[in-house]
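Okay, target-v5.txt now, which holds compact mmCIF, C-alpha atoms:
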# COMPACT_ATOMS: atom_id res chain seq x y z
CA MET A 1105 26.34 33.50 53.39
CA ILE A 1106 27.13 29.78 53.20
CA TYR A 1107 24.66 29.47 50.36
CA ASN A 1108 26.72 31.63 47.99
CA ILE A 1109 29.58 29.12 47.58
CA PRO A 1110 29.28 28.81 43.75
CA PHE A 1111 29.62 32.60 43.46
CA ILE A 1112 32.73 32.56 45.65
CA ALA A 1113 34.20 29.84 43.39
CA VAL A 1114 33.55 32.13 40.38
CA ALA A 1115 35.37 34.99 42.16
CA ALA A 1116 38.34 32.71 43.00
CA LEU A 1117 38.68 31.54 39.37
CA ILE A 1118 38.57 35.09 37.97
CA LEU A 1119 41.05 36.43 40.51
CA ILE A 1120 43.59 33.63 40.01
CA GLY A 1121 43.37 34.10 36.24
CA LEU A 1122 43.82 37.86 36.58
CA TYR A 1123 46.88 37.35 38.81
CA ALA A 1124 48.46 35.11 36.15
CA VAL A 1125 47.83 37.68 33.41
CA VAL A 1126 49.21 40.69 35.30
CA PHE A 1127 52.20 39.33 37.23
CA LYS A 1128 53.76 36.52 35.16
CA ARG A 1129 56.37 36.81 32.40
CA ASN A 1130 56.09 33.51 30.55
CA LEU A 1131 53.78 33.69 27.52
CA ILE A 1132 52.24 30.24 28.15
CA LYS A 1133 51.32 31.24 31.70
CA ILE A 1134 49.56 34.36 30.40
CA VAL A 1135 47.54 32.22 27.97
CA ILE A 1136 46.56 29.86 30.82
CA GLY A 1137 45.40 32.88 32.86
CA ILE A 1138 43.14 34.09 30.04
CA THR A 1139 41.59 30.59 29.81
CA LEU A 1140 40.96 30.58 33.58
CA ILE A 1141 39.05 33.89 33.34
CA GLU A 1142 36.92 32.45 30.53
CA CYS A 1143 36.14 29.33 32.63
CA GLY A 1144 35.06 31.50 35.55
CA VAL A 1145 32.64 33.46 33.37
CA ASN A 1146 31.10 30.21 32.00
CA LEU A 1147 30.53 28.94 35.55
CA PHE A 1148 28.83 32.23 36.42
CA LEU A 1149 26.42 31.86 33.49
CA ILE A 1150 25.42 28.35 34.60
CA THR A 1151 24.99 29.39 38.23
CA LEU A 1152 22.44 32.06 37.35
CA GLY A 1153 19.93 29.51 36.06
CA TYR A 1154 19.20 27.20 38.99
CA ARG A 1155 15.89 26.92 40.77
CA GLU A 1156 15.53 25.52 44.28
CA GLY A 1157 14.96 21.73 44.06
CA GLY A 1158 15.10 21.71 40.27
CA ILE A 1159 15.91 18.81 37.96
CA ALA A 1160 17.41 18.72 34.48
CA PRO A 1161 15.04 20.06 31.74
CA ILE A 1162 14.67 16.74 29.88
CA PHE A 1163 11.36 14.92 29.38
CA THR A 1164 12.63 11.42 28.46
CA ASN A 1165 11.44 8.70 30.87
CA LEU A 1166 10.12 11.25 33.30
CA PRO A 1167 7.52 9.45 35.50
CA SER A 1168 4.26 11.35 35.03
CA GLY A 1169 3.05 12.77 38.28
CA THR A 1170 6.24 14.17 39.75
CA SER A 1171 5.74 17.79 40.62
CA ALA A 1172 9.36 18.93 40.57
CA THR A 1173 10.29 22.19 38.93
CA MET A 1174 12.87 22.29 36.18
CA ALA A 1175 16.01 24.37 35.87
CA LEU A 1176 16.08 27.11 33.22
CA PRO A 1177 17.25 25.86 29.80
CA VAL A 1178 18.25 29.19 28.21
CA PRO A 1179 21.45 29.90 30.26
CA GLN A 1180 22.68 26.38 29.46
CA ALA A 1181 22.27 27.07 25.74
CA LEU A 1182 24.17 30.37 26.02
CA THR A 1183 27.01 28.65 27.92
CA LEU A 1184 27.43 26.12 25.08
CA THR A 1185 28.10 28.95 22.65
CA SER A 1186 30.50 30.62 25.08
CA ILE A 1187 32.57 27.45 25.52
CA VAL A 1188 33.03 27.10 21.76
CA ILE A 1189 34.10 30.75 21.50
CA GLY A 1190 36.69 30.09 24.22
CA VAL A 1191 38.09 27.14 22.26
CA ALA A 1192 38.44 29.28 19.11
CA VAL A 1193 40.25 32.10 20.98
CA LEU A 1194 42.60 29.59 22.68
CA ALA A 1195 43.50 27.95 19.35
CA LEU A 1196 44.42 31.31 17.77
CA MET A 1197 46.42 32.41 20.84
CA LEU A 1198 48.48 29.20 20.87
CA ALA A 1199 49.17 29.47 17.14
CA LEU A 1200 50.51 33.01 17.66
CA VAL A 1201 52.70 31.90 20.61
CA VAL A 1202 54.27 29.09 18.52
CA HIS A 1203 54.90 31.57 15.70
CA ILE A 1204 56.57 34.04 18.12
CA TYR A 1205 58.84 31.29 19.45
CA ARG A 1206 59.98 30.41 15.92
CA HIS A 1207 61.00 34.00 15.29
CA TYR A 1208 62.44 35.26 18.59
CA ASN A 1209 63.68 31.96 20.15
CA THR A 1210 62.47 33.06 23.60
CA LEU A 1211 59.17 33.01 25.50
CA ASP A 1212 59.73 36.01 27.77
CA ALA A 1213 56.97 38.61 27.38
CA ARG A 1214 59.36 41.48 28.07
CA GLU A 1215 61.94 40.52 25.42
CA VAL A 1216 59.59 40.29 22.44
CA ARG A 1217 58.93 44.01 22.25
CA ARG A 1218 61.24 45.39 19.62
CA LEU A 1219 61.27 44.77 15.91
CA LYS A 1220 64.09 42.33 15.33
CA GLU A 1221 66.25 42.66 12.28
CA MET B 137 56.42 14.86 17.66
CA THR B 138 57.89 11.42 17.14
CA GLU B 139 55.90 8.28 17.70
CA MET B 140 55.52 6.43 20.98
CA SER B 141 56.31 2.82 21.91
CA LYS B 142 54.62 -0.28 20.53
CA VAL B 143 52.46 -0.83 23.62
CA VAL B 144 50.91 2.64 23.31
CA ARG B 145 50.27 2.22 19.59
CA THR B 146 48.56 -1.17 20.07
CA ILE B 147 46.25 0.01 22.86
CA THR B 148 45.33 3.13 20.85
CA SER B 149 44.40 1.03 17.82
CA LEU B 150 42.28 -1.25 19.99
CA SER B 151 40.31 1.42 21.83
CA PHE B 152 39.75 3.84 18.91
CA PRO B 153 36.52 2.20 17.52
CA PHE B 154 34.81 2.18 20.92
CA ILE B 155 35.35 5.90 21.44
CA LEU B 156 34.06 6.54 17.90
CA ILE B 157 30.86 4.56 18.60
CA TYR B 158 30.28 6.41 21.87
CA GLY B 159 30.78 9.80 20.22
CA LEU B 160 28.42 9.00 17.33
CA TYR B 161 25.80 7.78 19.82
CA VAL B 162 25.95 11.10 21.68
CA ILE B 163 25.59 13.03 18.38
CA ALA B 164 22.67 10.93 17.10
CA HIS B 165 20.59 11.00 20.29
CA GLY B 166 20.89 14.74 20.79
CA HIS B 167 17.14 15.35 20.93
CA LEU B 168 16.42 12.70 23.60
CA THR B 169 19.30 12.65 26.08
CA PRO B 170 21.81 15.33 27.09
CA GLY B 171 24.27 15.83 24.25
CA GLY B 172 24.03 17.00 20.69
CA GLY B 173 26.32 18.17 17.92
CA PHE B 174 28.95 20.08 19.90
CA GLN B 175 29.38 17.63 22.74
CA GLY B 176 29.62 14.52 20.54
CA GLY B 177 31.98 16.32 18.17
CA ALA B 178 34.34 17.08 21.05
CA ILE B 179 34.36 13.39 22.07
CA VAL B 180 35.28 12.14 18.56
CA ALA B 181 37.89 14.92 18.17
CA SER B 182 39.58 13.82 21.39
CA ALA B 183 39.82 10.27 19.98
CA LEU B 184 41.49 11.66 16.83
CA ALA B 185 43.89 13.70 19.00
CA MET B 186 44.86 10.44 20.73
CA ILE B 187 45.79 9.04 17.30
CA ILE B 188 47.98 12.09 16.60
CA VAL B 189 49.79 11.78 19.93
CA ALA B 190 50.41 8.03 19.64
CA PHE B 191 51.50 7.79 16.01
CA GLY B 192 53.29 11.10 15.45
CA SER B 193 52.07 14.09 13.51
CA LYS B 194 54.38 13.45 10.54
CA TRP B 195 52.94 9.92 10.05
CA VAL B 196 49.37 11.27 10.05
CA LEU B 197 50.20 14.20 7.75
CA ASP B 198 51.80 11.88 5.18
CA ARG B 199 48.53 10.02 4.79
CA ILE B 200 45.91 12.75 5.23
CA LYS B 201 46.38 16.17 3.68
CA GLU B 202 44.84 18.86 5.79
CA LYS B 203 43.10 20.51 2.87
CA ASN B 204 40.87 17.41 2.40
CA ILE B 205 39.71 17.54 6.02
CA SER B 206 38.99 21.26 5.90
CA LEU B 207 36.88 20.53 2.80
CA LEU B 208 34.77 18.20 5.01
CA GLU B 209 34.31 21.03 7.48
CA SER B 210 33.03 23.34 4.76
CA VAL B 211 30.56 20.62 3.64
CA GLY B 212 29.16 20.49 7.18
CA ALA B 213 28.75 24.26 7.34
CA ILE B 214 27.03 24.39 3.91
CA CYS B 215 24.56 21.63 4.93
CA PHE B 216 23.67 23.56 8.07
CA ILE B 217 22.98 26.76 6.12
CA LEU B 218 20.94 24.88 3.46
CA LEU B 219 18.73 23.37 6.17
CA ALA B 220 18.16 26.85 7.54
CA PHE B 221 17.28 28.33 4.15
CA PHE B 222 14.65 25.68 3.31
CA GLY B 223 12.29 27.37 5.72
CA LEU B 224 12.15 30.37 3.42
CA THR B 225 10.43 28.44 0.59
CA TYR B 226 7.08 28.08 2.36
CA ALA B 227 3.88 30.08 2.15
CA ASP B 228 4.59 32.15 5.25
CA PRO B 229 8.40 32.43 5.09
CA VAL B 230 10.21 31.98 8.39
CA PHE B 231 13.98 31.59 8.71
CA PHE B 232 14.99 28.33 10.55
CA LYS B 233 11.52 26.77 10.25
CA ASN B 234 11.08 23.20 11.50
CA PHE B 235 9.67 21.84 8.25
CA VAL B 236 9.68 18.04 8.70
CA VAL B 237 7.44 17.91 11.74
CA ASP B 238 4.39 16.14 10.28
CA ASN B 239 5.45 13.34 7.88
CA PRO B 240 5.90 9.74 9.11
CA TYR B 241 9.02 8.95 7.09
CA LEU B 242 11.98 11.00 8.14
CA PHE B 243 12.06 12.09 11.80
CA GLY B 244 8.49 13.23 11.66
CA GLN B 245 6.38 11.56 14.33
CA VAL B 246 4.66 13.75 16.82
CA VAL B 247 5.78 13.17 20.37
CA THR B 248 2.92 12.20 22.68
CA ASP B 249 4.41 10.73 25.83
CA ASN B 250 7.72 10.75 27.62
CA ALA B 251 9.20 7.68 25.91
CA ALA B 252 12.53 7.83 24.07
CA ASN B 253 11.38 7.67 20.44
CA ILE B 254 14.17 8.50 18.00
CA ASN B 255 11.81 9.13 15.09
CA THR B 256 10.71 12.54 16.35
CA ALA B 257 11.90 16.14 16.35
CA GLY B 258 11.92 17.17 12.72
CA VAL B 259 14.97 18.98 11.45
CA ILE B 260 16.94 18.90 14.73
CA PRO B 261 18.78 15.52 14.21
CA LEU B 262 19.85 16.60 10.70
CA MET B 263 21.29 19.80 12.13
CA ASN B 264 23.01 17.72 14.81
CA PHE B 265 24.84 15.67 12.17
CA ALA B 266 25.91 18.76 10.22
CA VAL B 267 27.27 20.56 13.29
CA GLY B 268 28.93 17.37 14.57
CA LEU B 269 30.79 16.88 11.28
CA LYS B 270 31.92 20.51 11.38
CA VAL B 271 33.25 20.28 14.94
CA ILE B 272 35.07 16.96 14.31
CA ALA B 273 36.87 18.23 11.22
CA GLY B 274 37.66 21.64 12.71
CA LEU B 275 39.21 20.40 15.95
CA PHE B 276 41.18 17.68 14.14
CA VAL B 277 42.76 20.19 11.75
CA ILE B 278 43.65 22.59 14.60
CA VAL B 279 45.41 19.87 16.65
CA LEU B 280 47.22 18.44 13.60
CA VAL B 281 48.56 21.77 12.33
CA LEU B 282 49.71 22.91 15.81
CA ALA B 283 51.44 19.56 16.47
CA TYR B 284 53.25 19.59 13.13
CA ALA B 285 54.35 23.22 13.35
CA SER B 286 55.87 22.89 16.81
CA THR B 287 58.11 19.96 15.78
CA ALA B 288 59.08 21.13 12.32
CA MET B 289 61.01 24.04 13.73
CA GLU B 290 63.45 21.92 15.67
CA GLY B 291 65.34 21.15 12.48
CA LYS B 292 65.56 24.72 11.33
CA LYS B 293 67.68 26.32 14.07
CA MET C 1132 60.39 47.11 36.80
CA ASP C 1133 59.25 48.37 40.20
CA LYS C 1134 56.83 50.91 38.76
CA ARG C 1135 55.17 48.13 36.74
CA THR C 1136 54.72 45.98 39.86
CA ILE C 1137 53.19 48.86 41.86
CA ILE C 1138 50.68 49.76 39.16
CA GLY C 1139 49.78 46.07 38.73
CA SER C 1140 49.20 45.65 42.47
CA ILE C 1141 46.93 48.69 42.68
CA PHE C 1142 44.83 47.49 39.73
CA PHE C 1143 44.63 43.94 41.10
CA THR C 1144 43.52 45.18 44.54
CA ILE C 1145 40.78 47.34 43.06
CA VAL C 1146 39.40 44.45 40.99
CA LEU C 1147 39.64 42.06 43.98
CA VAL C 1148 37.61 44.34 46.25
CA PHE C 1149 35.01 44.98 43.54
CA ILE C 1150 34.50 41.31 42.61
CA LEU C 1151 34.32 40.03 46.21
CA PHE C 1152 31.82 42.75 47.12
CA ALA C 1153 29.70 41.92 44.07
CA MET C 1154 29.68 38.16 44.64
CA LEU C 1155 28.59 38.46 48.28
CA MET C 1156 25.72 40.81 47.50
CA THR C 1157 23.92 38.80 44.79
CA HIS C 1158 20.73 36.81 45.39
CA PRO C 1159 21.07 33.52 47.32
CA PHE C 1160 21.91 30.51 45.17
CA GLY C 1161 18.69 29.03 43.75
CA ASP C 1162 16.30 31.83 44.62
CA ILE C 1163 15.67 33.58 41.31
CA SER C 1164 12.70 35.75 40.42
CA GLU C 1165 9.99 34.82 37.92
CA SER C 1166 11.06 34.01 34.37
CA ASP C 1167 8.17 33.87 31.89
CA MET C 1168 10.25 33.00 28.84
CA ASP C 1169 11.69 29.81 30.34
CA ASP C 1170 8.33 28.65 31.70
CA THR C 1171 6.75 29.10 28.26
CA ILE C 1172 9.60 27.16 26.64
CA ILE C 1173 9.32 24.26 29.09
CA GLU C 1174 5.54 24.00 28.66
CA ASN C 1175 5.40 24.23 24.84
CA CYS C 1176 8.61 22.59 23.64
CA GLN C 1177 7.12 19.11 23.19
CA GLU C 1178 4.29 20.15 20.86
CA GLU C 1179 6.05 22.84 18.86
CA THR C 1180 9.40 21.20 18.15
CA GLY C 1181 8.79 17.54 18.95
CA ALA C 1182 12.00 17.05 20.93
CA ASN C 1183 12.16 15.67 24.45
CA ASN C 1184 15.24 17.73 25.28
CA ALA C 1185 14.52 21.35 26.14
CA VAL C 1186 18.15 22.52 25.85
CA THR C 1187 18.60 21.13 22.31
CA SER C 1188 15.31 22.67 21.20
CA VAL C 1189 16.48 26.04 22.52
CA VAL C 1190 19.90 25.75 20.81
CA PHE C 1191 18.63 24.61 17.39
CA ASP C 1192 15.04 25.82 17.11
CA TYR C 1193 14.17 28.78 19.31
CA ARG C 1194 17.63 30.37 19.07
CA GLY C 1195 19.05 28.84 15.91
CA PHE C 1196 20.58 32.11 14.77
CA ASP C 1197 23.11 32.05 17.62
CA THR C 1198 24.21 28.58 16.49
CA LEU C 1199 24.78 29.96 12.99
CA GLY C 1200 27.09 32.63 14.43
CA GLU C 1201 28.95 30.00 16.44
CA ALA C 1202 29.53 27.86 13.33
CA THR C 1203 31.03 30.95 11.68
CA ILE C 1204 33.40 31.43 14.61
CA LEU C 1205 34.63 27.82 14.36
CA PHE C 1206 35.29 28.25 10.65
CA THR C 1207 37.19 31.51 11.25
CA ALA C 1208 39.40 29.90 13.91
CA VAL C 1209 40.40 27.01 11.61
CA ALA C 1210 41.07 29.40 8.73
CA GLY C 1211 43.25 31.60 10.97
CA VAL C 1212 45.36 28.69 12.25
CA ILE C 1213 46.03 27.33 8.74
CA LEU C 1214 46.84 30.86 7.53
CA ILE C 1215 49.56 31.40 10.17
CA PHE C 1216 51.38 28.13 9.36
CA ARG C 1217 50.97 28.17 5.59
CA ARG C 1218 54.68 28.26 4.78
CA VAL C 1219 55.56 25.49 7.25
CA LEU C 1220 52.99 23.09 5.81
CA HIS C 1221 54.11 23.51 2.20
CA ASP C 1222 57.86 23.55 3.00
Rewrite the coordinates I just gave you, this time as structure tokens.
Amino acid sequence: MIYNIPFIAVAALILIGLYAVVFKRNLIKIVIGITLIECGVNLFLITLGYREGGIAPIFTNLPSGTSATMALPVPQALTLTSIVIGVAVLALMLALVVHIYRHYNTLDAREVRRLKE
Amino acid sequence: MTEMSKVVRTITSLSFPFILIYGLYVIAHGHLTPGGGFQGGAIVASALAMIIVAFGSKWVLDRIKEKNISLLESVGAICFILLAFFGLTYADPVFFKNFVVDNPYLFGQVVTDNAANINTAGVIPLMNFAVGLKVIAGLFVIVLVLAYASTAMEGKK
Amino acid sequence: MDKRTIIGSIFFTIVLVFILFAMLMTHPFGDISESDMDDTIIENCQEETGANNAVTSVVFDYRGFDTLGEATILFTAVAGVILIFRRVLHD
């Protein structure tokens, strides 16, 4: 069981992010929780693509004759796309939070429920 | 946000070219070392965010209108799509075809050994430059607009 | 507010049990099964694309369509942020 430590780190990230989304009232803390869940999912994608004793899949200055296996390159490419999607979602969420603060003058998630005249 | 002290502004002006050179190196050598368009674009965008923090968002917005920078981002996206559509003009049409692989002028040498030769890899460095320009302009506009909008409301209460 | 806390605690406990059970029952770290696609990419990426970096050749040549979708997402995010603050920027 000691060899599953990266998977336990993924579970810890997702659970801390989920706790911040469900139990906190400040809007900025909810946005931070959503970003933590997205970071946990990216770490899970990277962890799925590792081979035992593998090196990085790059051929530059590789001494010919080493018989080491390489890690899988496809999960790394998918994680790049996922990180950029996370940045786009975070930018739109923060723009909406700033716009809500201009209108309601408070950041409490339970006060911004009714249509204000 | 208002500007910071004179020490911060001087050190920012001194260290800004070095971060730019490092970011452009990571973008240009994307097909040989770890890196590429997205990673190098994030490095240069963080240098531009340092300029916004040190000099104030109102100072930057007086000199650079954000519609000019978003025009640069659209130029990067159009170049990327044009490079993808050139593969359709060949005899057997394939979308995203690597069409510069065999000429010796522009990024066309065939790779034979494991040395770090920058003149290889066809259409991939051109795509790296297009995507890098898009990421730089996009992240700079996002940080500038958010910084300006969160200070402009303090005078309207 | 007490009913909201009780429902939140039940949901959080269910997800906690499910995720911990799932993460302890996966394969050991580094012991994956055979993957033919990645072995083919590692063997042929130097002749077919001419790049020494396997990850960049996957992002821009073998799976270039995903990069096109990602460029669209970046453009949509910038357009959305400028759209929300349009009145503030033009006073």
Sorted per-residue table, chain C near stretch 274-278 of chain B, closest atoms and distance, 9 Å, only C-alpha atoms, as CSV:
residue,atom,partner,partner_atom,distance
C:Leu1205,CA,B:Gly274,CA,7.1
C:Phe1206,CA,B:Gly274,CA,7.3
C:Ala1208,CA,B:Ile278,CA,8.5
C:Val1209,CA,B:Gly274,CA,6.1
C:Val1212,CA,B:Ile278,CA,6.8
C:Ile1213,CA,B:Ile278,CA,7.9
- From the list B:Ile272, B:Leu207, B:Ala288, B:Leu197, which residue is nearest B:Gln175 when using only C-alpha atoms?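 Ranking B:Ile272, B:Leu207, B:Ala288, B:Leu197 by distance to B:Gln175, first place goes to B:Ile272.
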- Which is closest to A:Leu1119 among A:Ala1160, A:Ile1138, A:Ala1181, A:Ala1199, if we use only C-alpha atoms?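 Distance minimum relative to A:Leu1119 lands on A:Ile1138.
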Wanna dump the chain A-chain C contacts at 10 Å for me, each residue with its shortest atom pair and the distance in Å to one decimal, counting only C-alpha atoms, ordered by chain and number, as a tab-separated table?
residue	atom	partner	partner_atom	distance
A:Met1105	CA	C:Leu1155	CA	7.5
A:Ile1106	CA	C:Pro1159	CA	9.2
A:Tyr1107	CA	C:Phe1160	CA	6.0
A:Asn1108	CA	C:Phe1160	CA	5.7
A:Ile1109	CA	C:Phe1160	CA	8.2
A:Pro1110	CA	C:Phe1160	CA	7.7
A:Phe1111	CA	C:Met1154	CA	5.7
A:Ile1112	CA	C:Met1154	CA	6.5
A:Ala1113	CA	C:Met1154	CA	9.6
A:Val1114	CA	C:Met1154	CA	8.3
A:Ala1115	CA	C:Ile1150	CA	6.4
A:Ala1116	CA	C:Leu1151	CA	8.9
A:Ile1118	CA	C:Ile1150	CA	8.8
A:Leu1119	CA	C:Leu1147	CA	6.8
A:Leu1122	CA	C:Phe1143	CA	7.6
A:Tyr1123	CA	C:Phe1143	CA	7.3
A:Val1126	CA	C:Gly1139	CA	6.4
A:Phe1127	CA	C:Gly1139	CA	7.3
A:Thr1151	CA	C:Phe1160	CA	7.7
A:Leu1152	CA	C:Ile1163	CA	8.0
A:Gly1153	CA	C:Gly1161	CA	7.8
A:Tyr1154	CA	C:Gly1161	CA	5.1
A:Arg1155	CA	C:Gly1161	CA	4.6
A:Glu1156	CA	C:Gly1161	CA	4.8
A:Gly1157	CA	C:Gly1161	CA	8.2
A:Gly1158	CA	C:Gly1161	CA	8.9
A:Ala1160	CA	C:Ala1185	CA	9.2
A:Pro1161	CA	C:Ala1185	CA	5.8
A:Ile1162	CA	C:Asn1184	CA	4.7
A:Phe1163	CA	C:Asn1183	CA	5.1
A:Thr1164	CA	C:Asn1183	CA	5.9
A:Asn1165	CA	C:Asn1183	CA	9.5
A:Thr1173	CA	C:Asp1170	CA	9.9
A:Met1174	CA	C:Ile1173	CA	8.2
A:Ala1175	CA	C:Asp1169	CA	8.9
A:Leu1176	CA	C:Asp1169	CA	5.9
A:Pro1177	CA	C:Val1186	CA	5.3
A:Val1178	CA	C:Val1189	CA	6.7
A:Pro1179	CA	C:Val1186	CA	9.2
A:Gln1180	CA	C:Val1186	CA	7.0
A:Ala1181	CA	C:Val1190	CA	5.6
A:Leu1182	CA	C:Val1190	CA	8.2
A:Leu1184	CA	C:Val1190	CA	8.7
A:Thr1185	CA	C:Glu1201	CA	6.4
A:Ser1186	CA	C:Glu1201	CA	8.8
A:Val1188	CA	C:Glu1201	CA	7.3
A:Ile1189	CA	C:Ile1204	CA	7.0
A:Val1191	CA	C:Leu1205	CA	8.7
A:Ala1192	CA	C:Ala1208	CA	5.3
A:Val1193	CA	C:Ala1208	CA	7.5
A:Leu1194	CA	C:Ala1208	CA	9.3
A:Ala1195	CA	C:Ala1208	CA	7.1
A:Leu1196	CA	C:Val1212	CA	6.2
A:Met1197	CA	C:Val1212	CA	9.4
A:Leu1198	CA	C:Val1212	CA	9.2
A:Ala1199	CA	C:Val1212	CA	6.2
A:Leu1200	CA	C:Ile1215	CA	7.7
A:Val1202	CA	C:Phe1216	CA	9.7
A:His1203	CA	C:Ile1215	CA	7.7
- May I ask which of the residues C:Phe1196, C:Gly1181, C:Arg1217, C:Glu1165 is the closest one to chain B, counting all atoms listed in the file?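 Counting all atoms listed in the file, the residue closest to chain B is C:Gly1181.
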- Show which residues sit within 8 Å of B:Arg145, as a list in words. Count only C-alpha atoms, and ignore same-chain residues fewer than 4 positions away. Met140, Ser141, Ser149, Ala190 and Phe191 of chain B
Can you tell me, as a JSON list (two decimals) with C-alpha atoms, in the coordinates of the input, which residues sit within 12 Å of (39.7, 12.6, 19.0) in the file's frame, using only C-alpha atoms?
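Full text of part26.json as output:
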[["chain", "number", "residue", "atom", "x", "y", "z"],
["B", 148, "THR", "CA", 45.33, 3.13, 20.85],
["B", 151, "SER", "CA", 40.31, 1.42, 21.83],
["B", 152, "PHE", "CA", 39.75, 3.84, 18.91],
["B", 153, "PRO", "CA", 36.52, 2.20, 17.52],
["B", 154, "PHE", "CA", 34.81, 2.18, 20.92],
["B", 155, "ILE", "CA", 35.35, 5.90, 21.44],
["B", 156, "LEU", "CA", 34.06, 6.54, 17.90],
["B", 157, "ILE", "CA", 30.86, 4.56, 18.60],
["B", 158, "TYR", "CA", 30.28, 6.41, 21.87],
["B", 159, "GLY", "CA", 30.78, 9.80, 20.22],
["B", 160, "LEU", "CA", 28.42, 9.00, 17.33],
["B", 176, "GLY", "CA", 29.62, 14.52, 20.54],
["B", 177, "GLY", "CA", 31.98, 16.32, 18.17],
["B", 178, "ALA", "CA", 34.34, 17.08, 21.05],
["B", 179, "ILE", "CA", 34.36, 13.39, 22.07],
["B", 180, "VAL", "CA", 35.28, 12.14, 18.56],
["B", 181, "ALA", "CA", 37.89, 14.92, 18.17],
["B", 182, "SER", "CA", 39.58, 13.82, 21.39],
["B", 183, "ALA", "CA", 39.82, 10.27, 19.98],
["B", 184, "LEU", "CA", 41.49, 11.66, 16.83],
["B", 185, "ALA", "CA", 43.89, 13.70, 19.00],
["B", 186, "MET", "CA", 44.86, 10.44, 20.73],
["B", 187, "ILE", "CA", 45.79, 9.04, 17.30],
["B", 188, "ILE", "CA", 47.98, 12.09, 16.60],
["B", 189, "VAL", "CA", 49.79, 11.78, 19.93],
["B", 190, "ALA", "CA", 50.41, 8.03, 19.64],
["B", 271, "VAL", "CA", 33.25, 20.28, 14.94],
["B", 272, "ILE", "CA", 35.07, 16.96, 14.31],
["B", 273, "ALA", "CA", 36.87, 18.23, 11.22],
["B", 274, "GLY", "CA", 37.66, 21.64, 12.71],
["B", 275, "LEU", "CA", 39.21, 20.40, 15.95],
["B", 276, "PHE", "CA", 41.18, 17.68, 14.14],
["B", 277, "VAL", "CA", 42.76, 20.19, 11.75],
["B", 278, "ILE", "CA", 43.65, 22.59, 14.60],
["B", 279, "VAL", "CA", 45.41, 19.87, 16.65],
["B", 280, "LEU", "CA", 47.22, 18.44, 13.60]]
- Message: If I take atom CA of B:Ala266 and atom CA of B:Ala285, how far is one from the other in Å, to one decimal?
- Response: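 Between atom CA of B:Ala266 and atom CA of B:Ala285 the gap works out to 29.0 Å.
What separates atom CA of A:Thr1183 from atom CA of A:Leu1149 is a distance of 6.5 Å.
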- Between B:Ala283, B:Val162, B:Gly268, B:Lys142, which has the minimum distance to B:Leu208 (counting only C-alpha atoms)?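 Among the listed residues, B:Gly268 lies closest to B:Leu208.
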- Message: One decimal, in Å: what's the spacing between atom CA of B:Lys194 and atom CA of B:Val143?
- Response: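 According to the coordinates, atom CA of B:Lys194 and atom CA of B:Val143 are separated by 19.5 Å.
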- Item | For chain B, the nearest of the candidates C:Gly1195, C:Ile1145, C:Arg1218, C:Glu1174, counting only C-alpha atoms |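 So, comparing all the options, the nearest one is C:Gly1195.
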- For chain B, which of A:Asn1130, A:Thr1139, A:Asn1209, A:Asn1146 is the closest residue, counting all atoms listed in the file? A:Asn1209
Got a sec to write stretch 143-176 of chain B of the block to a file, C-alpha atoms, as a tab-separated table (two decimals), in the first residue's frame?
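Saved to part-v2.tsv:
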chain	number	residue	atom	x	y	z
B	143	VAL	CA	13.03	50.44	-5.69
B	144	VAL	CA	10.42	48.00	-6.99
B	145	ARG	CA	10.02	49.88	-10.27
B	146	THR	CA	13.79	49.96	-10.90
B	147	ILE	CA	14.33	46.26	-10.23
B	148	THR	CA	11.34	45.37	-12.44
B	149	SER	CA	12.73	47.42	-15.32
B	150	LEU	CA	16.12	45.76	-14.93
B	151	SER	CA	14.96	42.16	-14.82
B	152	PHE	CA	12.22	42.35	-17.50
B	153	PRO	CA	14.47	41.67	-20.57
B	154	PHE	CA	16.03	38.57	-19.03
B	155	ILE	CA	12.66	36.96	-18.37
B	156	LEU	CA	11.60	37.82	-21.94
B	157	ILE	CA	14.72	36.12	-23.38
B	158	TYR	CA	14.17	33.02	-21.26
B	159	GLY	CA	10.52	32.76	-22.30
B	160	LEU	CA	11.31	33.17	-26.01
B	161	TYR	CA	14.03	30.51	-25.71
B	162	VAL	CA	11.51	28.05	-24.26
B	163	ILE	CA	9.03	28.81	-27.08
B	164	ALA	CA	11.61	28.50	-29.88
B	165	HIS	CA	13.18	25.23	-28.73
B	166	GLY	CA	9.87	23.45	-28.23
B	167	HIS	CA	10.72	20.54	-30.52
B	168	LEU	CA	14.07	19.71	-28.84
B	169	THR	CA	13.74	20.28	-25.10
B	170	PRO	CA	10.71	20.20	-22.79
B	171	GLY	CA	8.61	23.28	-23.44
B	172	GLY	CA	6.68	24.63	-26.38
B	173	GLY	CA	4.06	27.25	-27.09
B	174	PHE	CA	1.93	27.05	-23.94
B	175	GLN	CA	4.73	26.82	-21.41
B	176	GLY	CA	6.82	29.66	-22.89
